[in-house]
file final_2.pdb (PDB, C-alpha atoms)
MODEL        1
ATOM      1  CA  MET B   1      82.074 199.246 -15.264
ATOM      2  CA  ALA B   2      81.928 200.093 -11.564
ATOM      3  CA  SER B   3      80.126 196.868 -10.705
ATOM      4  CA  SER B   4      82.635 194.848 -12.749
ATOM      5  CA  ARG B   5      85.509 196.528 -10.906
ATOM      6  CA  LYS B   6      83.813 195.822  -7.586
ATOM      7  CA  ALA B   7      83.442 192.155  -8.497
ATOM      8  CA  ARG B   8      87.187 191.853  -9.044
ATOM      9  CA  LEU B   9      88.006 193.300  -5.643
ATOM     10  CA  TYR B  10      88.525 191.201  -2.550
ATOM     11  CA  GLY B  11      89.462 192.774   0.747
ATOM     12  CA  GLY B  12      90.121 196.092  -1.001
ATOM     13  CA  MET B  13      92.574 194.582  -3.538
ATOM     14  CA  ASP B  14      92.235 193.367  -7.097
ATOM     15  CA  ALA B  15      93.679 190.072  -8.348
ATOM     16  CA  GLU B  16      97.088 191.487  -9.277
ATOM     17  CA  GLU B  17      97.460 193.219  -5.922
ATOM     18  CA  ARG B  18      96.597 189.975  -4.155
ATOM     19  CA  ARG B  19      99.249 188.113  -6.175
ATOM     20  CA  THR B  20     101.799 190.763  -5.248
ATOM     21  CA  GLU B  21     100.844 190.505  -1.588
ATOM     22  CA  ARG B  22     101.163 186.702  -1.655
ATOM     23  CA  ARG B  23     104.556 186.940  -3.339
ATOM     24  CA  LEU B  24     105.833 189.308  -0.654
ATOM     25  CA  LYS B  25     104.479 187.034   2.058
ATOM     26  CA  LEU B  26     106.414 184.124   0.568
ATOM     27  CA  ILE B  27     109.597 186.201   0.374
ATOM     28  CA  ASP B  28     109.246 187.307   3.996
ATOM     29  CA  ALA B  29     108.529 183.732   5.053
ATOM     30  CA  ALA B  30     111.526 182.449   3.106
ATOM     31  CA  ILE B  31     113.849 184.917   4.836
ATOM     32  CA  GLU B  32     112.490 183.750   8.174
ATOM     33  CA  VAL B  33     112.828 180.040   7.363
ATOM     34  CA  TYR B  34     116.264 180.396   5.755
ATOM     35  CA  GLY B  35     117.363 182.271   8.847
ATOM     36  CA  GLU B  36     116.253 179.348  11.021
ATOM     37  CA  VAL B  37     117.292 176.270   9.026
ATOM     38  CA  GLY B  38     119.222 177.524   5.997
ATOM     39  CA  TYR B  39     118.279 177.362   2.327
ATOM     40  CA  ARG B  40     119.155 173.701   1.959
ATOM     41  CA  GLY B  41     117.142 172.807   5.035
ATOM     42  CA  ALA B  42     114.076 174.736   3.907
ATOM     43  CA  THR B  43     111.156 173.136   2.086
ATOM     44  CA  VAL B  44     108.410 174.666   0.001
ATOM     45  CA  LYS B  45     105.920 173.268   2.518
ATOM     46  CA  ALA B  46     107.648 174.943   5.482
ATOM     47  CA  ILE B  47     107.838 178.284   3.694
ATOM     48  CA  CYS B  48     104.183 178.122   2.663
ATOM     49  CA  GLU B  49     103.171 177.271   6.229
ATOM     50  CA  ALA B  50     105.162 180.246   7.518
ATOM     51  CA  ALA B  51     103.458 182.460   4.929
ATOM     52  CA  GLU B  52     100.053 180.924   5.755
ATOM     53  CA  LEU B  53      99.523 180.077   2.093
ATOM     54  CA  THR B  54      98.949 176.849   0.214
ATOM     55  CA  GLU B  55     101.634 175.442  -2.074
ATOM     56  CA  ARG B  56      99.711 176.322  -5.199
ATOM     57  CA  TYR B  57     100.339 179.975  -4.411
ATOM     58  CA  PHE B  58     104.053 179.273  -4.219
ATOM     59  CA  TYR B  59     104.089 178.084  -7.827
ATOM     60  CA  GLU B  60     101.933 181.021  -8.835
ATOM     61  CA  SER B  61     104.916 183.286  -8.058
ATOM     62  CA  PHE B  62     108.032 181.106  -8.295
ATOM     63  CA  ALA B  63     109.171 178.391 -10.670
ATOM     64  CA  ASN B  64     111.166 176.622  -7.967
ATOM     65  CA  SER B  65     112.981 177.087  -4.656
ATOM     66  CA  GLU B  66     116.008 178.647  -6.322
ATOM     67  CA  ALA B  67     113.834 181.365  -7.853
ATOM     68  CA  LEU B  68     112.499 182.177  -4.388
ATOM     69  CA  LEU B  69     116.032 182.305  -2.975
ATOM     70  CA  ILE B  70     117.040 184.789  -5.683
ATOM     71  CA  ALA B  71     113.949 186.888  -4.958
ATOM     72  CA  ALA B  72     114.619 186.818  -1.210
ATOM     73  CA  TYR B  73     118.250 187.788  -1.771
ATOM     74  CA  GLY B  74     117.237 190.614  -4.085
ATOM     75  CA  HIS B  75     114.704 191.838  -1.526
ATOM     76  CA  VAL B  76     117.258 191.888   1.301
ATOM     77  CA  VAL B  77     120.079 193.342  -0.788
ATOM     78  CA  GLY B  78     117.876 195.924  -2.464
ATOM     79  CA  HIS B  79     116.740 197.390   0.848
ATOM     80  CA  LEU B  80     120.257 197.241   2.264
ATOM     81  CA  HIS B  81     121.811 198.946  -0.756
ATOM     82  CA  ASP B  82     119.148 201.674  -0.703
ATOM     83  CA  GLU B  83     119.899 202.404   2.947
ATOM     84  CA  MET B  84     123.669 202.351   2.352
ATOM     85  CA  THR B  85     123.276 204.758  -0.562
ATOM     86  CA  ALA B  86     121.230 207.140   1.583
ATOM     87  CA  ALA B  87     123.746 206.948   4.443
ATOM     88  CA  ALA B  88     126.650 207.652   2.091
ATOM     89  CA  ALA B  89     124.822 210.578   0.479
ATOM     90  CA  ALA B  90     124.087 212.083   3.893
ATOM     91  CA  ALA B  91     127.815 212.010   4.674
ATOM     92  CA  GLY B  92     128.589 214.464   1.864
ATOM     93  CA  ASP B  93     131.271 214.359  -0.828
ATOM     94  CA  ASP B  94     134.239 213.321   1.312
ATOM     95  CA  ALA B  95     135.162 209.811   0.139
ATOM     96  CA  GLU B  96     136.369 208.614   3.543
ATOM     97  CA  MET B  97     133.244 209.849   5.320
ATOM     98  CA  ARG B  98     130.982 208.272   2.697
ATOM     99  CA  LEU B  99     132.813 204.979   2.969
ATOM    100  CA  ARG B 100     132.535 204.908   6.751
ATOM    101  CA  ALA B 101     128.867 205.906   6.693
ATOM    102  CA  ALA B 102     127.969 203.167   4.205
ATOM    103  CA  LEU B 103     129.940 200.529   6.127
ATOM    104  CA  THR B 104     128.453 201.620   9.448
ATOM    105  CA  LEU B 105     124.961 201.181   8.027
ATOM    106  CA  TYR B 106     125.932 197.806   6.552
ATOM    107  CA  PHE B 107     127.352 196.296   9.737
ATOM    108  CA  THR B 108     124.625 197.818  11.900
ATOM    109  CA  ARG B 109     121.894 196.202   9.809
ATOM    110  CA  LEU B 110     123.666 192.837   9.838
ATOM    111  CA  LYS B 111     123.676 192.892  13.625
ATOM    112  CA  GLU B 112     120.116 194.194  13.970
ATOM    113  CA  HIS B 113     118.639 191.678  11.524
ATOM    114  CA  PRO B 114     120.465 188.339  11.798
ATOM    115  CA  LYS B 115     118.017 186.322   9.687
ATOM    116  CA  PRO B 116     118.230 188.524   6.580
ATOM    117  CA  ALA B 117     121.985 188.668   7.227
ATOM    118  CA  ARG B 118     122.123 184.894   6.906
ATOM    119  CA  VAL B 119     120.393 185.104   3.516
ATOM    120  CA  PHE B 120     122.746 187.858   2.389
ATOM    121  CA  LEU B 121     125.980 186.275   3.608
ATOM    122  CA  LEU B 122     125.557 182.515   3.842
ATOM    123  CA  GLU B 123     122.622 181.117   1.947
ATOM    124  CA  ILE B 124     123.464 182.703  -1.402
ATOM    125  CA  SER B 125     126.803 180.932  -1.887
ATOM    126  CA  GLY B 126     127.465 177.788  -3.918
ATOM    127  CA  ILE B 127     123.913 177.148  -5.106
ATOM    128  CA  SER B 128     124.112 177.492  -8.894
ATOM    129  CA  PRO B 129     125.639 179.623 -11.679
ATOM    130  CA  ALA B 130     122.399 181.621 -11.897
ATOM    131  CA  VAL B 131     122.540 182.486  -8.203
ATOM    132  CA  ASP B 132     126.253 183.281  -8.473
ATOM    133  CA  ALA B 133     125.501 185.731 -11.302
ATOM    134  CA  VAL B 134     122.952 187.544  -9.148
ATOM    135  CA  LYS B 135     125.477 187.723  -6.318
ATOM    136  CA  LEU B 136     128.155 189.120  -8.657
ATOM    137  CA  ASP B 137     125.805 191.872  -9.831
ATOM    138  CA  ALA B 138     125.125 192.765  -6.200
ATOM    139  CA  LEU B 139     128.869 192.947  -5.512
ATOM    140  CA  ARG B 140     129.256 195.491  -8.333
ATOM    141  CA  VAL B 141     126.488 197.634  -6.860
ATOM    142  CA  PHE B 142     128.073 197.321  -3.410
ATOM    143  CA  SER B 143     131.406 198.507  -4.826
ATOM    144  CA  ASP B 144     129.849 201.557  -6.475
ATOM    145  CA  ILE B 145     128.068 202.487  -3.245
ATOM    146  CA  LEU B 146     131.330 202.423  -1.307
ATOM    147  CA  VAL B 147     133.227 204.365  -3.984
ATOM    148  CA  PRO B 148     130.884 205.955  -6.534
ATOM    149  CA  PRO B 149     132.632 206.402  -9.909
ATOM    150  CA  ALA B 150     131.157 209.903 -10.197
ATOM    151  CA  LEU B 151     133.095 210.968  -7.091
ATOM    152  CA  ASP B 152     136.321 209.329  -8.264
ATOM    153  CA  PRO B 153     137.138 210.402 -11.840
ATOM    154  CA  LYS B 154     140.143 208.071 -12.012
ATOM    155  CA  ARG B 155     137.812 205.117 -11.683
ATOM    156  CA  SER B 156     134.816 206.476 -13.582
ATOM    157  CA  ASP B 157     136.000 204.366 -16.516
ATOM    158  CA  LYS B 158     137.499 201.446 -14.673
ATOM    159  CA  GLY B 159     140.152 199.304 -16.276
ATOM    160  CA  ALA B 160     140.242 195.565 -15.724
ATOM    161  CA  ALA B 161     142.745 195.798 -12.861
ATOM    162  CA  ALA B 162     140.838 198.542 -11.074
ATOM    163  CA  SER B 163     137.590 196.608 -11.455
ATOM    164  CA  LEU B 164     139.151 193.520  -9.916
ATOM    165  CA  LEU B 165     140.496 195.576  -7.040
ATOM    166  CA  SER B 166     137.039 197.031  -6.430
ATOM    167  CA  VAL B 167     135.451 193.581  -6.350
ATOM    168  CA  GLY B 168     138.263 192.397  -4.085
ATOM    169  CA  MET B 169     137.589 195.306  -1.757
ATOM    170  CA  VAL B 170     133.964 194.279  -1.402
ATOM    171  CA  GLY B 171     135.018 190.649  -1.015
ATOM    172  CA  ALA B 172     137.202 191.638   1.931
ATOM    173  CA  VAL B 173     134.308 193.511   3.545
ATOM    174  CA  ILE B 174     131.980 190.534   3.119
ATOM    175  CA  SER B 175     134.606 188.120   4.460
ATOM    176  CA  ILE B 176     134.945 190.292   7.553
ATOM    177  CA  ALA B 177     131.152 190.330   7.889
ATOM    178  CA  LEU B 178     130.952 186.538   7.544
ATOM    179  CA  ARG B 179     133.462 186.014  10.314
ATOM    180  CA  TRP B 180     131.826 188.611  12.545
ATOM    181  CA  VAL B 181     128.303 187.254  12.100
ATOM    182  CA  SER B 182     129.353 183.598  12.478
ATOM    183  CA  LYS B 183     131.085 184.451  15.781
ATOM    184  CA  GLN B 184     127.960 186.219  17.068
ATOM    185  CA  TYR B 185     129.206 189.807  16.794
ATOM    186  CA  PRO B 186     132.141 189.753  19.235
ATOM    187  CA  GLN B 187     133.356 193.251  18.290
ATOM    188  CA  ALA B 188     131.447 196.513  18.378
ATOM    189  CA  VAL B 189     130.146 197.847  15.077
ATOM    190  CA  GLU B 190     132.593 200.773  15.263
ATOM    191  CA  GLU B 191     135.574 198.427  15.553
ATOM    192  CA  VAL B 192     134.461 196.274  12.643
ATOM    193  CA  VAL B 193     133.862 199.364  10.503
ATOM    194  CA  ALA B 194     137.379 200.590  11.264
ATOM    195  CA  ILE B 195     138.866 197.240  10.209
ATOM    196  CA  ALA B 196     136.807 197.064   7.009
ATOM    197  CA  THR B 197     137.640 200.662   6.159
ATOM    198  CA  SER B 198     141.359 199.928   6.451
ATOM    199  CA  PHE B 199     141.040 197.084   3.929
ATOM    200  CA  CYS B 200     139.116 199.317   1.538
ATOM    201  CA  ARG B 201     141.733 202.029   1.855
ATOM    202  CA  VAL B 202     144.488 199.605   0.878
ATOM    203  CA  ALA B 203     142.531 198.475  -2.195
ATOM    204  CA  LEU B 204     141.789 202.048  -3.248
ATOM    205  CA  THR B 205     145.423 203.090  -2.815
ATOM    206  CA  GLU B 206     146.509 200.159  -4.970
ATOM    207  CA  ALA B 207     143.974 201.140  -7.618
ATOM    208  CA  ASP B 208     145.317 204.698  -7.583
ATOM    209  CA  HIS B 209     148.853 203.431  -8.071
ATOM    210  CA  ARG B 210     147.818 201.350 -11.043
ATOM    211  CA  GLU B 211     145.850 204.198 -12.600
ATOM    212  CA  ASP B 212     148.869 206.493 -12.213
ATOM    213  CA  GLY B 213     151.133 203.929 -13.870
ATOM    214  CA  HIS B 214     153.269 203.303 -10.785
ATOM    215  CA  LEU B 215     152.716 199.558 -10.964
ATOM    216  CA  SER B 216     152.680 197.324 -13.958
TER     217      SER B 216
ENDMDL
END
call {"tool": "encode", "arguments": {"input": "final_2.pdb", "output": "structure tokens"}}
result
Amino acid sequence: MASSRKARLYGGMDAEERRTERRLKLIDAAIEVYGEVGYRGATVKAICEAAELTERYFYESFANSEALLIAAYGHVVGHLHDEMTAAAAAAGDDAEMRLRAALTLYFTRLKEHPKPARVFLLEISGISPAVDAVKLDALRVFSDILVPPALDPKRSDKGAAASLLSVGMVGAVISIALRWVSKQYPQAVEEVVAIATSFCRVALTEADHREDGHLS
């Protein structure tokens, strides 16, 4: 048994671990290439060269370029959402402080890492319905990070109007980020956070009014 196990190892990893490593290399390479030339300008060959892998390893992990884009987006967004969640949690239970902490982390990371930011903001739009569905799921997660339902009982069971307002709130934040990134970060992070927070506050106030029955 030990000798059989040893035979399957290469460089300290078994076959499955090597596949996982190759997949991550391709994702990292894709983020780099997309950040340089965009998704539509990227080729499988260029990504494989950046990953220092042959094309056969690309198709070992991904059915096509769109599948790699979705994986790269999920990789970027997953890490970003985890960090935003941790930043919000560290800010305590005050909704305004949590919101500002999460947005500060968000805009800081966009500025620090422009190539993943391009994947997150630009390269994910208008590709296909499947990609749009992944983006929509990420928007829902983003919304719940900014305003967790557990900390806002009125929206713990969101109605249709409140849900739309929440998605619109995140859409406003992303639109601000798009403009800011495309203009090469002309404002300080603190200023952009203040602007984004004001938009979120308007959306949340509107949601409160609707929940209280003040607006039809």
call {"tool": "residues_around", "arguments": {"input": "final_2.pdb", "residues": "region 56-73 of chain B", "least_positions_apart": "3", "cutoff": "8 Å", "atoms": "only C-alpha atoms", "output": "list in words"}}
result
Arg19, Arg22, Arg23, Leu26, Ile27, Asp28, Ala30, Ile31, Tyr39, Val44, Cys48, Leu53, Val76, Val77, Val119, Phe120, Ile124, Val131 and Val134 of chain B
call {"tool": "atom_distance", "arguments": {"input": "final_2.pdb", "atom1": "CA of Ser166 (chain B)", "atom2": "CA of Tyr34 (chain B)"}}
result
29.3 Å
call {"tool": "atom_distance", "arguments": {"input": "final_2.pdb", "atom1": "CA of Asp82 (chain B)", "atom2": "CA of Ala196 (chain B)"}}
result
19.8 Å
call {"tool": "atom_distance", "arguments": {"input": "final_2.pdb", "atom1": "CA of Ala87 (chain B)", "atom2": "CA of Gly35 (chain B)"}}
result
25.9 Å
call {"tool": "resolve_selection", "arguments": {"input": "final_2.pdb", "expression": "the PyMOL selection byres ((chain B and resi 107-112) around 10)", "output": "PDB file with C-alpha atoms, in the coordinates of the input"}}
result
ATOM      1  CA  LEU B  80     120.257 197.241   2.264  1.00  0.00           C
ATOM      2  CA  GLU B  83     119.899 202.404   2.947  1.00  0.00           C
ATOM      3  CA  MET B  84     123.669 202.351   2.352  1.00  0.00           C
ATOM      4  CA  ALA B 102     127.969 203.167   4.205  1.00  0.00           C
ATOM      5  CA  LEU B 103     129.940 200.529   6.127  1.00  0.00           C
ATOM      6  CA  THR B 104     128.453 201.620   9.448  1.00  0.00           C
ATOM      7  CA  LEU B 105     124.961 201.181   8.027  1.00  0.00           C
ATOM      8  CA  TYR B 106     125.932 197.806   6.552  1.00  0.00           C
ATOM      9  CA  HIS B 113     118.639 191.678  11.524  1.00  0.00           C
ATOM     10  CA  PRO B 114     120.465 188.339  11.798  1.00  0.00           C
ATOM     11  CA  LYS B 115     118.017 186.322   9.687  1.00  0.00           C
ATOM     12  CA  PRO B 116     118.230 188.524   6.580  1.00  0.00           C
ATOM     13  CA  ALA B 117     121.985 188.668   7.227  1.00  0.00           C
ATOM     14  CA  ARG B 118     122.123 184.894   6.906  1.00  0.00           C
ATOM     15  CA  PHE B 120     122.746 187.858   2.389  1.00  0.00           C
ATOM     16  CA  LEU B 121     125.980 186.275   3.608  1.00  0.00           C
ATOM     17  CA  VAL B 173     134.308 193.511   3.545  1.00  0.00           C
ATOM     18  CA  ILE B 174     131.980 190.534   3.119  1.00  0.00           C
ATOM     19  CA  ILE B 176     134.945 190.292   7.553  1.00  0.00           C
ATOM     20  CA  ALA B 177     131.152 190.330   7.889  1.00  0.00           C
ATOM     21  CA  LEU B 178     130.952 186.538   7.544  1.00  0.00           C
ATOM     22  CA  TRP B 180     131.826 188.611  12.545  1.00  0.00           C
ATOM     23  CA  VAL B 181     128.303 187.254  12.100  1.00  0.00           C
ATOM     24  CA  GLN B 184     127.960 186.219  17.068  1.00  0.00           C
ATOM     25  CA  TYR B 185     129.206 189.807  16.794  1.00  0.00           C
ATOM     26  CA  ALA B 188     131.447 196.513  18.378  1.00  0.00           C
ATOM     27  CA  VAL B 189     130.146 197.847  15.077  1.00  0.00           C
ATOM     28  CA  GLU B 190     132.593 200.773  15.263  1.00  0.00           C
ATOM     29  CA  VAL B 192     134.461 196.274  12.643  1.00  0.00           C
ATOM     30  CA  VAL B 193     133.862 199.364  10.503  1.00  0.00           C
ATOM     31  CA  ALA B 196     136.807 197.064   7.009  1.00  0.00           C
TER      32      ALA B 196
END
